[in-house]
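Colleague: Next up is a structure, given as structure tokens.
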Amino acid sequence: MWLPPRGSGRDSELELRAAKIVGRLCRTSGGNCLERSLILYRYLARMNAHPRLVVGMGKSDEFLGHVWVSVDGRPLLDSPETLRTYTEVVGFGFSGEQEA
């Protein structure tokens, strides 16, 4: 899903607007967290935001999974409180590379 960045600068207002649009579209279309996060990761990568796509599993329910995107260490479209119930399994950063 990674797209090479256009330009070298960042526009935090544009990044926030993209997150709001993706969040709104996915809520109204019934999109799930995986679809929402892949779309957001793709567009934020294009904006040179250095997004991180994270896959997690529930701490209390090993069959409960969730996917989210963070930028600058902060989750987008999810609250830190919500994500406390998940353990990170794998993350993907710049250029779609898997991170340790």
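Numbering starts fresh at 1 for the residues of each chain in the structure tokens, the chains themselves are lettered A, B, ... in the order given, and ligands are numbered from 1 as they appear.
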Please run DSSP on the backbone and report, as a JSON list (two decimals) with N, CA and C atoms, in the first residue's frame, all residues within chain A that come out as alpha helix (DSSP H).

Modeller:
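That gives us result_25.json:
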[["chain", "number", "residue", "atom", "x", "y", "z"],
["A", 12, "SER", "N", 0.96, 19.30, 8.06],
["A", 12, "SER", "CA", 0.20, 18.64, 9.13],
["A", 12, "SER", "C", -1.30, 18.87, 9.01],
["A", 13, "GLU", "N", -1.70, 20.03, 8.49],
["A", 13, "GLU", "CA", -3.14, 20.27, 8.30],
["A", 13, "GLU", "C", -3.71, 19.34, 7.24],
["A", 14, "LEU", "N", -2.97, 19.13, 6.17],
["A", 14, "LEU", "CA", -3.42, 18.22, 5.12],
["A", 14, "LEU", "C", -3.46, 16.78, 5.63],
["A", 15, "GLU", "N", -2.50, 16.41, 6.44],
["A", 15, "GLU", "CA", -2.49, 15.07, 7.04],
["A", 15, "GLU", "C", -3.72, 14.86, 7.91],
["A", 16, "LEU", "N", -4.04, 15.84, 8.74],
["A", 16, "LEU", "CA", -5.21, 15.75, 9.61],
["A", 16, "LEU", "C", -6.50, 15.69, 8.80],
["A", 17, "ARG", "N", -6.57, 16.49, 7.75],
["A", 17, "ARG", "CA", -7.76, 16.50, 6.89],
["A", 17, "ARG", "C", -7.94, 15.13, 6.21],
["A", 18, "ALA", "N", -6.84, 14.55, 5.74],
["A", 18, "ALA", "CA", -6.90, 13.22, 5.11],
["A", 18, "ALA", "C", -7.41, 12.18, 6.11],
["A", 19, "ALA", "N", -6.93, 12.23, 7.34],
["A", 19, "ALA", "CA", -7.37, 11.28, 8.36],
["A", 19, "ALA", "C", -8.86, 11.43, 8.63],
["A", 20, "LYS", "N", -9.33, 12.65, 8.71],
["A", 20, "LYS", "CA", -10.76, 12.88, 8.96],
["A", 20, "LYS", "C", -11.61, 12.37, 7.80],
["A", 21, "ILE", "N", -11.17, 12.61, 6.59],
["A", 21, "ILE", "CA", -11.92, 12.17, 5.41],
["A", 21, "ILE", "C", -11.98, 10.65, 5.36],
["A", 22, "VAL", "N", -10.84, 9.99, 5.54],
["A", 22, "VAL", "CA", -10.82, 8.53, 5.52],
["A", 22, "VAL", "C", -11.69, 7.97, 6.64],
["A", 23, "GLY", "N", -11.59, 8.53, 7.82],
["A", 23, "GLY", "CA", -12.41, 8.08, 8.94],
["A", 23, "GLY", "C", -13.89, 8.22, 8.64],
["A", 24, "ARG", "N", -14.28, 9.34, 8.09],
["A", 24, "ARG", "CA", -15.68, 9.58, 7.76],
["A", 24, "ARG", "C", -16.18, 8.64, 6.67],
["A", 25, "LEU", "N", -15.39, 8.47, 5.62],
["A", 25, "LEU", "CA", -15.79, 7.59, 4.52],
["A", 25, "LEU", "C", -15.94, 6.15, 4.98],
["A", 26, "CYS", "N", -15.03, 5.70, 5.80],
["A", 26, "CYS", "CA", -15.09, 4.32, 6.26],
["A", 26, "CYS", "C", -16.24, 4.08, 7.22],
["A", 27, "ARG", "N", -16.58, 5.07, 8.02],
["A", 27, "ARG", "CA", -17.74, 4.93, 8.92],
["A", 27, "ARG", "C", -19.02, 4.80, 8.12],
["A", 28, "THR", "N", -19.17, 5.63, 7.09],
["A", 28, "THR", "CA", -20.42, 5.63, 6.33],
["A", 28, "THR", "C", -20.51, 4.45, 5.37],
["A", 29, "SER", "N", -19.38, 3.88, 4.96],
["A", 29, "SER", "CA", -19.41, 2.76, 4.02],
["A", 29, "SER", "C", -19.32, 1.41, 4.72],
["A", 33, "CYS", "N", -11.41, -1.79, 10.24],
["A", 33, "CYS", "CA", -10.15, -1.15, 10.63],
["A", 33, "CYS", "C", -9.02, -1.46, 9.67],
["A", 34, "LEU", "N", -9.00, -2.64, 9.08],
["A", 34, "LEU", "CA", -7.94, -2.97, 8.13],
["A", 34, "LEU", "C", -8.05, -2.12, 6.87],
["A", 35, "GLU", "N", -9.24, -2.05, 6.30],
["A", 35, "GLU", "CA", -9.44, -1.23, 5.10],
["A", 35, "GLU", "C", -9.11, 0.23, 5.38],
["A", 36, "ARG", "N", -9.65, 0.73, 6.46],
["A", 36, "ARG", "CA", -9.44, 2.13, 6.84],
["A", 36, "ARG", "C", -7.96, 2.44, 7.01],
["A", 37, "SER", "N", -7.25, 1.56, 7.70],
["A", 37, "SER", "CA", -5.84, 1.79, 7.99],
["A", 37, "SER", "C", -4.98, 1.68, 6.74],
["A", 38, "LEU", "N", -5.27, 0.73, 5.86],
["A", 38, "LEU", "CA", -4.51, 0.61, 4.62],
["A", 38, "LEU", "C", -4.68, 1.84, 3.74],
["A", 39, "ILE", "N", -5.88, 2.35, 3.65],
["A", 39, "ILE", "CA", -6.13, 3.56, 2.86],
["A", 39, "ILE", "C", -5.40, 4.75, 3.46],
["A", 40, "LEU", "N", -5.53, 4.92, 4.76],
["A", 40, "LEU", "CA", -4.88, 6.04, 5.43],
["A", 40, "LEU", "C", -3.36, 5.95, 5.32],
["A", 41, "TYR", "N", -2.81, 4.77, 5.52],
["A", 41, "TYR", "CA", -1.37, 4.55, 5.40],
["A", 41, "TYR", "C", -0.89, 4.95, 4.00],
["A", 42, "ARG", "N", -1.63, 4.56, 2.99],
["A", 42, "ARG", "CA", -1.26, 4.86, 1.60],
["A", 42, "ARG", "C", -1.20, 6.37, 1.36],
["A", 43, "TYR", "N", -2.26, 7.07, 1.76],
["A", 43, "TYR", "CA", -2.31, 8.51, 1.48],
["A", 43, "TYR", "C", -1.33, 9.30, 2.35],
["A", 44, "LEU", "N", -1.15, 8.89, 3.58],
["A", 44, "LEU", "CA", -0.18, 9.59, 4.43],
["A", 44, "LEU", "C", 1.25, 9.36, 3.96],
["A", 45, "ALA", "N", 1.52, 8.18, 3.42],
["A", 45, "ALA", "CA", 2.85, 7.92, 2.84],
["A", 45, "ALA", "C", 3.10, 8.87, 1.68],
["A", 46, "ARG", "N", 2.09, 9.06, 0.85],
["A", 46, "ARG", "CA", 2.20, 9.96, -0.31],
["A", 46, "ARG", "C", 2.45, 11.39, 0.14],
["A", 80, "PRO", "N", -5.50, 6.62, 22.30],
["A", 80, "PRO", "CA", -4.52, 5.81, 23.03],
["A", 80, "PRO", "C", -5.19, 4.88, 24.05],
["A", 81, "GLU", "N", -6.31, 5.33, 24.65],
["A", 81, "GLU", "CA", -7.02, 4.51, 25.63],
["A", 81, "GLU", "C", -7.56, 3.24, 24.97],
["A", 82, "THR", "N", -8.12, 3.35, 23.79],
["A", 82, "THR", "CA", -8.64, 2.19, 23.07],
["A", 82, "THR", "C", -7.53, 1.21, 22.74],
["A", 83, "LEU", "N", -6.38, 1.73, 22.34],
["A", 83, "LEU", "CA", -5.28, 0.87, 21.92],
["A", 83, "LEU", "C", -4.56, 0.19, 23.06]]

Colleague: Fewer than 5 positions away in the same chain doesn't count, so skip those; otherwise give me all residues within 10 Å of A:Phe94, counting only C-alpha atoms, as a PDB file with C-alpha atoms, in the first residue's frame.

Modeller:
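around34.pdb, freshly written:
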ATOM      1  CA  TRP A   2       3.028   2.272   0.252  1.00  0.00           C
ATOM      2  CA  LEU A   3       3.259   5.137  -2.220  1.00  0.00           C
ATOM      3  CA  PRO A   4       6.483   7.106  -2.607  1.00  0.00           C
ATOM      4  CA  PRO A   5       6.198  10.599  -1.121  1.00  0.00           C
ATOM      5  CA  ALA A  45       2.848   7.920   2.839  1.00  0.00           C
ATOM      6  CA  ASN A  48       5.534  12.292   3.321  1.00  0.00           C
ATOM      7  CA  ALA A  49       4.058  11.883   6.822  1.00  0.00           C
ATOM      8  CA  HIS A  50       6.075   8.688   7.547  1.00  0.00           C
ATOM      9  CA  PRO A  51       3.039   6.728   8.767  1.00  0.00           C
ATOM     10  CA  ARG A  52       3.311   3.479  10.650  1.00  0.00           C
ATOM     11  CA  LEU A  53       0.764   0.708  10.045  1.00  0.00           C
ATOM     12  CA  GLU A  99       9.686  -3.046  11.718  1.00  0.00           C
TER      13      GLU A  99
END

Colleague: Could you tell me which of A:Gly9, A:Gly73, A:Gly96, A:Gly65 comes closest to A:Asn32 if we count only C-alpha atoms?

Modeller: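 So, comparing all the options, the nearest one is A:Gly65.
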